[in-house]
file start.txt (compact mmCIF, C-alpha atoms)
# COMPACT_ATOMS: atom_id res chain seq x y z
CA MET A 34 -139.61 -22.90 -146.70
CA LYS A 35 -143.03 -21.94 -148.04
CA PRO A 36 -143.77 -18.21 -147.89
CA LYS A 37 -146.21 -17.06 -145.27
CA PRO A 38 -149.69 -16.81 -146.82
CA TYR A 39 -151.29 -13.40 -147.19
CA SER A 40 -154.20 -12.48 -144.97
CA PHE A 41 -156.91 -13.09 -147.55
CA PRO A 42 -159.87 -13.16 -145.11
CA LEU A 43 -159.28 -9.47 -144.43
CA LEU A 44 -160.35 -8.72 -147.99
CA ASN A 45 -163.89 -9.87 -147.33
CA ARG A 46 -164.04 -8.19 -143.93
CA TYR A 47 -162.92 -4.75 -145.10
CA PHE A 48 -164.04 -4.66 -148.72
CA CYS A 49 -167.32 -2.90 -147.95
CA ALA A 50 -166.37 -1.26 -144.65
CA GLN A 51 -167.48 2.32 -144.16
CA SER A 52 -165.33 4.95 -142.52
CA PRO A 53 -166.31 8.32 -141.07
CA PRO A 54 -165.74 11.29 -143.41
CA LEU A 55 -162.44 13.08 -143.08
CA MET A 56 -162.25 16.83 -142.59
CA ALA A 57 -160.31 18.87 -145.08
CA GLN A 58 -157.44 20.88 -143.70
CA THR A 59 -155.32 23.66 -145.09
CA PRO A 60 -152.40 22.02 -146.94
CA ALA A 61 -148.77 22.97 -146.75
CA CYS A 62 -146.27 22.73 -149.59
CA LEU A 63 -142.54 22.88 -150.18
CA ASP A 64 -142.80 26.51 -151.21
CA ALA A 65 -145.78 28.17 -149.57
CA GLU A 66 -145.30 31.36 -151.57
CA GLN A 67 -145.46 29.67 -154.97
CA PRO A 68 -148.90 29.92 -156.61
CA HIS A 69 -150.42 26.69 -157.84
CA ASP A 70 -151.33 26.87 -161.53
CA ASP A 71 -153.94 24.15 -161.19
CA ASP A 72 -155.75 25.45 -158.11
CA ASP A 73 -158.85 26.57 -159.99
CA HIS A 74 -158.99 23.40 -162.01
CA GLN A 75 -158.59 21.14 -158.99
CA GLN A 76 -161.45 22.94 -157.27
CA HIS A 77 -163.52 22.58 -160.43
CA LEU A 78 -162.89 18.83 -160.43
CA GLY A 79 -163.92 18.65 -156.79
CA PHE A 80 -160.78 17.66 -154.90
CA PRO A 81 -160.74 16.64 -152.11
CA ALA A 82 -163.34 14.09 -153.19
CA ARG A 83 -165.25 13.69 -149.94
CA SER A 84 -168.76 12.27 -149.63
CA LEU A 85 -168.97 11.30 -153.30
CA SER A 86 -170.66 8.20 -154.64
CA GLY A 87 -168.48 5.64 -156.37
CA GLU A 88 -169.81 6.73 -159.74
CA SER A 89 -169.04 10.39 -159.04
CA ARG A 90 -165.51 9.55 -157.88
CA ALA A 91 -164.95 7.59 -161.07
CA GLU A 92 -166.15 10.54 -163.15
CA ARG A 93 -163.71 12.82 -161.32
CA ALA A 94 -160.92 10.29 -161.84
CA TRP A 95 -161.49 10.22 -165.59
CA ALA A 96 -161.87 14.00 -165.83
CA HIS A 97 -158.50 14.43 -164.14
CA TRP A 98 -156.86 11.83 -166.39
CA ALA A 99 -158.28 13.55 -169.48
CA LYS A 100 -157.05 16.93 -168.26
CA LEU A 101 -153.52 15.49 -168.11
CA GLY A 102 -153.75 14.42 -171.75
CA ARG A 103 -154.20 10.68 -171.07
CA PRO A 104 -150.48 9.85 -170.93
CA ARG A 105 -149.61 6.38 -172.23
CA PHE A 106 -145.87 6.04 -171.69
CA ILE A 107 -144.77 6.47 -168.08
CA VAL A 108 -141.52 6.28 -166.12
CA ALA A 109 -142.02 3.90 -163.20
CA PRO A 110 -140.91 4.76 -159.66
CA MET A 111 -137.32 3.58 -159.07
CA VAL A 112 -135.42 4.16 -155.83
CA ASP A 113 -132.48 6.50 -156.52
CA ASN A 114 -133.13 6.25 -160.27
CA SER A 115 -136.31 8.12 -161.31
CA GLU A 116 -135.03 11.49 -160.07
CA LEU A 117 -135.64 14.77 -161.93
CA PRO A 118 -132.74 14.75 -164.45
CA PHE A 119 -133.53 11.18 -165.48
CA ARG A 120 -137.25 11.92 -165.71
CA MET A 121 -136.52 14.89 -167.96
CA LEU A 122 -134.26 12.77 -170.18
CA CYS A 123 -137.01 10.16 -170.54
CA ARG A 124 -139.57 12.87 -171.29
CA LYS A 125 -137.37 14.17 -174.12
CA TYR A 126 -137.48 10.68 -175.61
CA GLY A 127 -141.19 10.03 -175.49
CA ALA A 128 -142.20 9.51 -171.86
CA GLN A 129 -145.49 11.32 -171.20
CA GLY A 130 -145.59 10.98 -167.42
CA ALA A 131 -143.30 9.94 -164.58
CA TYR A 132 -143.11 8.85 -160.95
CA THR A 133 -140.59 10.14 -158.45
CA PRO A 134 -138.49 7.60 -156.58
CA MET A 135 -140.25 6.19 -153.53
CA LEU A 136 -140.01 8.70 -150.68
CA HIS A 137 -140.16 7.68 -147.01
CA SER A 138 -143.14 9.60 -145.60
CA ARG A 139 -141.86 9.94 -142.03
CA ILE A 140 -138.37 11.09 -143.01
CA PHE A 141 -139.83 13.39 -145.66
CA SER A 142 -142.18 15.06 -143.21
CA GLU A 143 -139.51 15.47 -140.53
CA THR A 144 -136.26 16.26 -142.38
CA GLU A 145 -135.75 19.31 -144.57
CA LYS A 146 -132.43 18.05 -145.94
CA TYR A 147 -134.08 14.81 -147.09
CA ARG A 148 -136.88 16.76 -148.78
CA ASN A 149 -134.50 19.08 -150.59
CA GLU A 150 -132.22 16.31 -151.81
CA GLU A 151 -134.73 13.60 -152.65
CA PHE A 152 -137.57 15.60 -154.21
CA THR A 153 -136.91 18.15 -156.91
CA THR A 154 -139.10 19.11 -159.82
CA CYS A 155 -139.61 21.84 -162.42
CA LYS A 156 -142.44 23.30 -164.47
CA GLU A 157 -141.84 20.90 -167.37
CA ASP A 158 -141.86 17.85 -165.10
CA ARG A 159 -145.55 17.05 -165.53
CA PRO A 160 -147.64 14.95 -165.35
CA LEU A 161 -145.93 13.85 -162.15
CA PHE A 162 -146.71 11.17 -159.57
CA VAL A 163 -145.02 11.67 -156.18
CA GLN A 164 -144.75 8.29 -154.48
CA PHE A 165 -144.54 7.66 -150.74
CA CYS A 166 -144.19 4.57 -148.61
CA ALA A 167 -146.09 4.72 -145.32
CA ASN A 168 -148.00 2.79 -142.68
CA ASP A 169 -149.35 5.74 -140.66
CA PRO A 170 -152.16 7.82 -142.24
CA ASP A 171 -151.36 11.02 -140.33
CA VAL A 172 -147.65 10.87 -141.15
CA LEU A 173 -148.47 10.16 -144.80
CA LEU A 174 -150.83 13.12 -144.99
CA GLU A 175 -148.25 15.45 -143.48
CA ALA A 176 -145.72 14.40 -146.11
CA ALA A 177 -148.24 14.53 -148.96
CA ARG A 178 -149.28 18.07 -148.12
CA LYS A 179 -145.73 19.22 -148.76
CA VAL A 180 -145.87 18.09 -152.40
CA GLU A 181 -149.52 18.28 -153.47
CA ARG A 182 -149.08 21.65 -155.15
CA HIS A 183 -146.17 20.31 -157.19
CA CYS A 184 -147.66 17.15 -158.67
CA ASP A 185 -150.69 15.58 -160.34
CA TYR A 186 -151.07 12.52 -158.09
CA VAL A 187 -149.81 11.55 -154.66
CA ASP A 188 -149.07 7.84 -154.98
CA ILE A 189 -148.96 5.21 -152.24
CA ASN A 190 -146.38 2.47 -152.68
CA LEU A 191 -148.21 -0.78 -152.00
CA GLY A 192 -146.00 -2.91 -154.22
CA CYS A 193 -142.40 -2.88 -152.98
CA PRO A 194 -141.46 -6.54 -152.29
CA GLN A 195 -137.94 -5.97 -150.97
CA ARG A 196 -136.64 -6.97 -147.55
CA ILE A 197 -136.34 -3.35 -146.45
CA ALA A 198 -140.09 -2.94 -147.02
CA LYS A 199 -140.78 -5.97 -144.87
CA ARG A 200 -138.63 -4.56 -142.06
CA GLY A 201 -140.29 -1.17 -142.36
CA ASN A 202 -143.82 -2.61 -142.72
CA TYR A 203 -144.71 -0.85 -145.94
CA GLY A 204 -145.08 -1.55 -149.65
CA ALA A 205 -146.37 -5.01 -150.61
CA PHE A 206 -146.17 -6.19 -146.99
CA LEU A 207 -149.20 -4.06 -146.16
CA MET A 208 -151.17 -6.66 -148.13
CA ASP A 209 -151.19 -8.48 -144.80
CA ASN A 210 -152.88 -5.52 -143.09
CA LEU A 211 -155.69 -4.24 -145.29
CA PRO A 212 -157.26 -1.99 -142.64
CA VAL A 213 -154.05 0.06 -142.69
CA VAL A 214 -154.07 0.19 -146.49
CA LYS A 215 -157.67 1.38 -146.50
CA SER A 216 -156.95 4.05 -143.88
CA LEU A 217 -153.97 5.41 -145.86
CA VAL A 218 -156.04 5.85 -149.01
CA GLU A 219 -159.04 7.35 -147.20
CA LYS A 220 -156.85 9.82 -145.33
CA LEU A 221 -155.32 11.22 -148.50
CA ALA A 222 -158.50 11.07 -150.58
CA GLY A 223 -160.38 13.08 -147.98
CA ASN A 224 -157.77 15.78 -147.44
CA LEU A 225 -155.63 16.47 -150.52
CA GLU A 226 -156.20 18.87 -153.42
CA VAL A 227 -154.86 16.27 -155.87
CA PRO A 228 -156.02 12.68 -156.43
CA VAL A 229 -154.47 9.70 -154.69
CA SER A 230 -153.12 6.82 -156.77
CA CYS A 231 -151.84 3.42 -155.68
CA LYS A 232 -149.26 1.04 -157.11
CA ILE A 233 -149.92 -2.58 -156.21
CA ARG A 234 -148.85 -6.15 -156.86
CA LEU A 235 -151.02 -9.21 -157.41
CA PHE A 236 -152.26 -11.61 -154.78
CA PRO A 237 -151.61 -15.25 -155.77
CA ASN A 238 -155.36 -15.68 -156.14
CA LEU A 239 -156.93 -13.52 -158.83
CA GLU A 240 -160.23 -13.01 -157.02
CA ASP A 241 -158.35 -11.67 -154.00
CA THR A 242 -156.59 -9.21 -156.29
CA LEU A 243 -159.89 -8.01 -157.73
CA LYS A 244 -161.38 -7.51 -154.26
CA TYR A 245 -158.25 -5.61 -153.28
CA ALA A 246 -158.53 -3.31 -156.31
CA ARG A 247 -162.20 -2.61 -155.63
CA MET A 248 -161.44 -1.86 -151.98
CA LEU A 249 -158.82 0.70 -153.02
CA GLU A 250 -161.26 2.32 -155.44
CA GLU A 251 -163.99 2.56 -152.80
CA ALA A 252 -161.50 4.04 -150.33
CA GLY A 253 -160.83 6.90 -152.78
CA CYS A 254 -158.02 5.76 -155.08
CA MET A 255 -158.45 7.48 -158.45
CA LEU A 256 -155.76 5.67 -160.45
CA LEU A 257 -154.35 2.19 -160.03
CA ALA A 258 -150.98 0.98 -161.35
CA VAL A 259 -150.74 -2.80 -161.32
CA HIS A 260 -147.44 -4.67 -161.33
CA GLY A 261 -148.36 -8.02 -162.84
CA ARG A 262 -146.34 -10.11 -160.40
CA THR A 263 -146.95 -11.28 -156.84
CA ARG A 264 -145.00 -10.13 -153.82
CA ASP A 265 -142.84 -13.27 -153.95
CA GLU A 266 -142.06 -12.89 -157.67
CA LYS A 267 -139.22 -10.41 -157.27
CA ASP A 268 -137.09 -11.52 -160.22
CA GLY A 269 -138.50 -9.92 -163.36
CA LYS A 270 -136.29 -12.08 -165.58
CA LYS A 271 -137.51 -15.29 -163.97
CA PHE A 272 -141.20 -14.42 -163.61
CA ARG A 273 -143.20 -12.92 -166.45
CA ALA A 274 -145.80 -10.32 -165.51
CA ASP A 275 -149.37 -11.58 -165.79
CA TRP A 276 -151.08 -9.29 -168.29
CA LYS A 277 -154.31 -11.31 -168.10
CA ALA A 278 -154.56 -10.53 -164.39
CA ILE A 279 -153.97 -6.84 -165.11
CA ARG A 280 -156.78 -6.91 -167.67
CA ALA A 281 -159.06 -8.51 -165.09
CA VAL A 282 -158.27 -5.66 -162.68
CA LYS A 283 -158.97 -3.15 -165.45
CA ASN A 284 -162.40 -4.73 -165.98
CA ALA A 285 -163.14 -4.85 -162.24
CA VAL A 286 -162.75 -1.13 -161.46
CA ARG A 287 -164.11 2.12 -162.86
CA ILE A 288 -160.93 4.23 -162.59
CA PRO A 289 -157.91 4.50 -164.90
CA VAL A 290 -155.47 1.59 -164.69
CA LEU A 291 -151.79 1.39 -165.68
CA ALA A 292 -149.79 -1.79 -166.36
CA ASN A 293 -146.29 -2.53 -165.10
CA GLY A 294 -144.16 -5.47 -166.21
CA ASN A 295 -142.61 -7.07 -169.32
CA ILE A 296 -141.89 -3.77 -171.11
CA ARG A 297 -138.58 -4.06 -172.97
CA HIS A 298 -139.30 -2.23 -176.23
CA MET A 299 -142.16 -0.62 -178.12
CA ASP A 300 -143.52 -3.92 -179.43
CA ASP A 301 -144.11 -4.86 -175.79
CA VAL A 302 -145.82 -1.51 -175.23
CA ARG A 303 -148.18 -2.10 -178.13
CA ASN A 304 -148.92 -5.68 -177.09
CA CYS A 305 -149.49 -4.73 -173.46
CA LEU A 306 -151.94 -1.96 -174.33
CA GLU A 307 -153.83 -4.31 -176.63
CA GLU A 308 -153.93 -7.30 -174.28
CA THR A 309 -154.71 -5.44 -171.05
CA GLU A 310 -156.79 -2.52 -172.42
CA VAL A 311 -155.21 -0.27 -169.77
CA GLU A 312 -154.68 3.47 -170.09
CA GLY A 313 -150.89 3.35 -170.07
CA VAL A 314 -147.76 1.35 -169.34
CA LEU A 315 -144.89 1.82 -166.90
CA SER A 316 -141.28 0.92 -167.64
CA ALA A 317 -138.50 0.66 -165.05
CA GLU A 318 -135.40 -1.49 -165.57
CA THR A 319 -135.46 -1.19 -169.37
CA LEU A 320 -135.43 2.61 -169.15
CA LEU A 321 -132.29 2.57 -167.01
CA GLU A 322 -130.38 0.96 -169.87
CA ASN A 323 -132.31 2.70 -172.64
CA PRO A 324 -134.10 5.94 -171.67
CA ALA A 325 -135.19 6.31 -175.31
CA ILE A 326 -137.43 3.24 -175.40
CA PHE A 327 -140.62 5.29 -175.76
CA ALA A 328 -139.16 7.06 -178.79
CA GLY A 329 -138.89 3.70 -180.55
CA PHE A 330 -135.23 2.91 -179.81
CA ARG A 331 -134.13 -0.53 -178.65
CA THR A 332 -130.86 -2.17 -177.70
CA ALA A 333 -129.28 -4.88 -179.84
CA GLN A 334 -130.40 -7.41 -177.22
CA TRP A 335 -133.99 -7.10 -178.40
CA MET A 336 -133.40 -6.89 -182.15
CA SER A 337 -134.43 -10.52 -182.66
CA GLU A 338 -137.88 -9.77 -181.21
CA SER A 339 -138.58 -6.84 -183.51
CA GLU A 340 -141.90 -6.90 -185.34
CA GLY A 341 -140.77 -4.14 -187.70
CA THR A 342 -137.61 -2.99 -189.45
CA ASN A 343 -134.82 -1.51 -187.35
CA VAL A 344 -131.82 0.57 -188.39
CA ASP A 345 -128.98 2.25 -186.54
CA GLY A 346 -130.75 5.12 -184.82
CA LYS A 347 -127.64 7.36 -184.82
CA LEU A 348 -127.97 7.42 -181.03
CA ASP A 349 -126.11 5.47 -178.38
CA GLN A 350 -125.96 5.25 -174.60
CA ALA A 351 -122.92 7.50 -174.40
CA ASP A 352 -124.94 10.22 -176.15
CA LEU A 353 -127.74 9.69 -173.62
CA LEU A 354 -125.31 9.83 -170.71
CA ILE A 355 -123.93 13.19 -171.91
CA GLU A 356 -127.49 14.53 -172.10
CA TYR A 357 -128.21 13.16 -168.63
CA LEU A 358 -125.08 14.75 -167.14
CA LYS A 359 -126.01 18.13 -168.60
CA LEU A 360 -129.44 17.81 -167.00
CA CYS A 361 -127.75 16.96 -163.68
CA GLU A 362 -125.74 20.17 -163.94
CA LYS A 363 -129.01 22.05 -164.44
CA TYR A 364 -130.95 20.09 -161.79
CA PRO A 365 -128.46 18.93 -159.10
CA VAL A 366 -129.02 15.54 -157.47
CA PRO A 367 -126.92 13.38 -155.11
CA TRP A 368 -123.86 11.84 -156.76
CA ARG A 369 -124.92 8.32 -155.79
CA MET A 370 -127.79 8.65 -158.26
CA ILE A 371 -125.50 9.87 -161.02
CA ARG A 372 -123.02 7.05 -160.41
CA SER A 373 -125.81 4.50 -160.61
CA HIS A 374 -127.00 5.82 -163.98
CA VAL A 375 -123.47 5.83 -165.38
CA HIS A 376 -123.14 2.11 -164.64
CA LYS A 377 -126.62 1.30 -165.97
CA LEU A 378 -126.19 3.23 -169.21
CA LEU A 379 -122.63 2.14 -169.97
CA GLY A 380 -122.69 -1.41 -168.63
CA GLY A 381 -122.24 -2.90 -172.09
CA TRP A 382 -119.49 -0.45 -172.95
CA PHE A 383 -117.63 -1.19 -169.71
CA SER A 384 -117.72 -4.92 -170.48
CA LEU A 385 -115.63 -4.13 -173.57
CA GLN A 386 -113.37 -1.65 -171.76
CA PRO A 387 -113.21 -2.91 -168.14
CA HIS A 388 -110.16 -0.79 -167.31
CA ILE A 389 -112.25 2.37 -167.73
CA ARG A 390 -114.90 0.97 -165.39
CA GLU A 391 -112.15 0.25 -162.86
CA GLU A 392 -111.00 3.85 -163.07
CA LEU A 393 -114.57 4.99 -162.42
CA ASN A 394 -114.91 2.71 -159.41
CA LYS A 395 -111.71 4.12 -157.90
CA GLN A 396 -113.22 7.61 -157.77
CA SER A 397 -114.52 8.21 -154.26
CA ILE A 398 -115.60 11.69 -155.36
CA LEU A 399 -116.99 12.21 -158.85
CA THR A 400 -116.92 15.37 -160.94
CA PHE A 401 -118.61 16.22 -164.19
CA GLU A 402 -115.20 16.90 -165.73
CA PHE A 403 -114.10 13.33 -164.94
CA LEU A 404 -117.30 11.82 -166.38
CA TYR A 405 -117.21 13.83 -169.60
CA ASP A 406 -113.56 12.87 -170.04
CA MET A 407 -114.42 9.22 -169.33
CA VAL A 408 -116.96 9.23 -172.17
CA ASP A 409 -114.34 10.76 -174.50
CA ARG A 410 -111.87 8.03 -173.56
CA LEU A 411 -114.48 5.33 -174.21
CA ARG A 412 -115.18 6.79 -177.63
CA GLY A 413 -111.45 7.11 -178.25
CA THR A 414 -111.13 3.32 -178.01
CA GLY A 415 -113.47 2.97 -180.99
CA THR A 416 -116.18 1.48 -178.79
CA ARG A 417 -119.74 2.19 -179.88
CA ILE A 418 -122.89 0.21 -179.18
CA PRO A 419 -125.73 1.80 -181.17
CA LEU A 420 -129.38 1.94 -180.28
CA TYR A 421 -131.65 0.80 -183.07
CA LYS A 422 -134.65 2.74 -184.30
CA GLU A 423 -137.94 1.21 -185.36
CA THR A 424 -138.91 2.48 -188.78
CA ARG A 425 -142.62 1.70 -188.42
CA VAL A 426 -144.94 4.53 -187.39
CA GLU A 427 -144.58 5.10 -183.67
CA LEU A 428 -147.50 4.62 -181.33
CA LYS A 429 -148.98 7.98 -180.39
CA SER A 430 -150.83 8.69 -177.18
CA ASP A 431 -154.10 9.26 -179.04
CA SER A 432 -153.78 6.05 -181.05
CA TYR A 433 -155.54 4.20 -178.25
CA SER A 434 -157.95 6.93 -177.17
CA ASP A 435 -161.03 5.69 -175.40

call {"tool": "encode", "arguments": {"input": "start.txt", "output": "structure tokens"}}
result
Amino acid sequence: MKPKPYSFPLLNRYFCAQSPPLMAQTPACLDAEQPHDDDDHQQHLGFPARSLSGESRAERAWAHWAKLGRPRFIVAPMVDNSELPFRMLCRKYGAQGAYTPMLHSRIFSETEKYRNEEFTTCKEDRPLFVQFCANDPDVLLEAARKVERHCDYVDINLGCPQRIAKRGNYGAFLMDNLPVVKSLVEKLAGNLEVPVSCKIRLFPNLEDTLKYARMLEEAGCMLLAVHGRTRDEKDGKKFRADWKAIRAVKNAVRIPVLANGNIRHMDDVRNCLEETEVEGVLSAETLLENPAIFAGFRTAQWMSESEGTNVDGKLDQADLLIEYLKLCEKYPVPWRMIRSHVHKLLGGWFSLQPHIREELNKQSILTFEFLYDMVDRLRGTGTRIPLYKETRVELKSDSYSD
């Protein structure tokens, strides 16, 4: 059955639509007593960015990006996987920015337990994008106000292609309802003390994608992350991300753009930055197996694609898991997240020692003691799958300065 076509005519109808200005309101935050280190700077940059010309908004967008140090290597939003301990592990190994997992705006605004479990951060966890899914501007704003003093961007998920997003009418399925998309961006842009960013997918037709990107910019989006696949291209192994389309988006807007897709190792990072001319790249699935990708490490799977010389990096996924578990002890998160990372990091090891994976799966309740002992037992079998280190000079964030 052919997929239902997107509502492309809406692009032309709403691309240049004007909306009444939104009134700023006093924001709330997770901890109302905590001072916001960036208050003065945000006011200096002019957030909220109401009643600004497109050129002025673009200038503010670039000023904010420069203030953050122009991060190049960024942890993509991953449901149940880009939580604080994992973000901090990736930051140790070269990530310069990170997204939270997608948060449900209605549940976040209504449920304290959900907020406390699903969103945690710390002083070192910056630059930080907090991502929400939503289809109601007022609900989204209420949720965003609870985090704006703890992040550098509030991000709107406009790219999730999964069935749950279709049922909930959010993510990439809002591409069928552009007036709602426009209202979400305008609501945040006119009321928050931090910029709004958007993460999108491609329309099948490039010109529709470019109109979409320009609409988001005019609505107040100050940073755009582009996943180079369409809504129907869910399988990243089957469908390659379209870097040419991402470059076209970059050339069509005046705000910073990030690329998402096809990032498996640092050669991909270099090639993506060169081919798309974007400000930075996002990595998702690859980081789950190898959180040290941005430090120049790669798994044996990608050795054949190396453009440089690689040697045993004296680091393996068991080492990374131990570091991750220690971060989880410092920054507690739900055990379902920890279990997921254990399987992602040690998948190759478990294939060699399936009886240890079976023991893990039998544990209805996990403990750190069990997991540390599990790693010792894996190592006791003589199993080791090294990560390999590129010996060429690593790409630095200022190597591609504008």

call {"tool": "closest_residue", "arguments": {"input": "start.txt", "among": "A:Pro160, A:Lys270, A:Thr309, A:Pro387", "to": "Ala99 (chain A)", "atoms": "only C-alpha atoms"}}
result
A:Pro160

call {"tool": "atom_distance", "arguments": {"input": "start.txt", "atom1": "CA of Lys422 (chain A)", "atom2": "CA of Phe106 (chain A)"}}
result
17.2 Å

call {"tool": "atom_distance", "arguments": {"input": "start.txt", "atom1": "CA of Cys361 (chain A)", "atom2": "CA of Asn293 (chain A)"}}
result
26.9 Å

call {"tool": "residues_around", "arguments": {"input": "start.txt", "residues": "Leu393 (chain A)", "least_positions_apart": "3", "cutoff": "9 Å", "atoms": "only C-alpha atoms", "output": "list in words"}}
result
Arg372, His388, Ile389, Arg390, Gln396, Ser397, Leu399, Phe403, Leu404 and Met407 of chain A

call {"tool": "closest_residue", "arguments": {"input": "start.txt", "among": "A:His374, A:Lys271, A:Lys215, A:Lys232", "to": "Gly253 (chain A)", "atoms": "only C-alpha atoms"}}
result
A:Lys215

call {"tool": "closest_residue", "arguments": {"input": "start.txt", "among": "A:Ile107, A:Cys305, A:Ile288, A:Leu385", "to": "Ser89 (chain A)", "atoms": "only C-alpha atoms"}}
result
A:Ile288

call {"tool": "residues_around", "arguments": {"input": "start.txt", "residues": "region 144-155 of chain A", "least_positions_apart": "3", "cutoff": "7 Å", "atoms": "only C-alpha atoms", "output": "ChimeraX atom specification"}}
result
/A:117,140-141,158,366-367

call {"tool": "atom_distance", "arguments": {"input": "start.txt", "atom1": "CA of Tyr203 (chain A)", "atom2": "CA of Phe119 (chain A)"}}
result
25.5 Å

call {"tool": "closest_residue", "arguments": {"input": "start.txt", "among": "A:Pro81, A:Pro289, A:Gly346, A:Gly329", "to": "Asp301 (chain A)", "atoms": "all atoms listed in the file"}}
result
A:Gly329

call {"tool": "residues_around", "arguments": {"input": "start.txt", "residues": "Glu181 (chain A)", "least_positions_apart": "5", "cutoff": "8 Å", "atoms": "only C-alpha atoms", "output": "PyMOL selection string"}}
result
chain A and resi 62+186-187+225-227

call {"tool": "closest_residue", "arguments": {"input": "start.txt", "among": "A:Gln334, A:Asn323, A:Gln386, A:Ser316", "to": "Tyr357 (chain A)", "atoms": "only C-alpha atoms"}}
result
A:Asn323

call {"tool": "residues_around", "arguments": {"input": "start.txt", "residues": "Leu256 (chain A)", "least_positions_apart": "6", "cutoff": "8 Å", "atoms": "only C-alpha atoms", "output": "list in words"}}
result
Ala94, Val229, Ser230, Cys231, Ile288, Pro289, Val290 and Leu291 of chain A

call {"tool": "closest_residue", "arguments": {"input": "start.txt", "among": "A:Phe327, A:Tyr364, A:Phe162, A:Tyr421", "to": "Met299 (chain A)", "atoms": "all atoms listed in the file"}}
result
A:Phe327
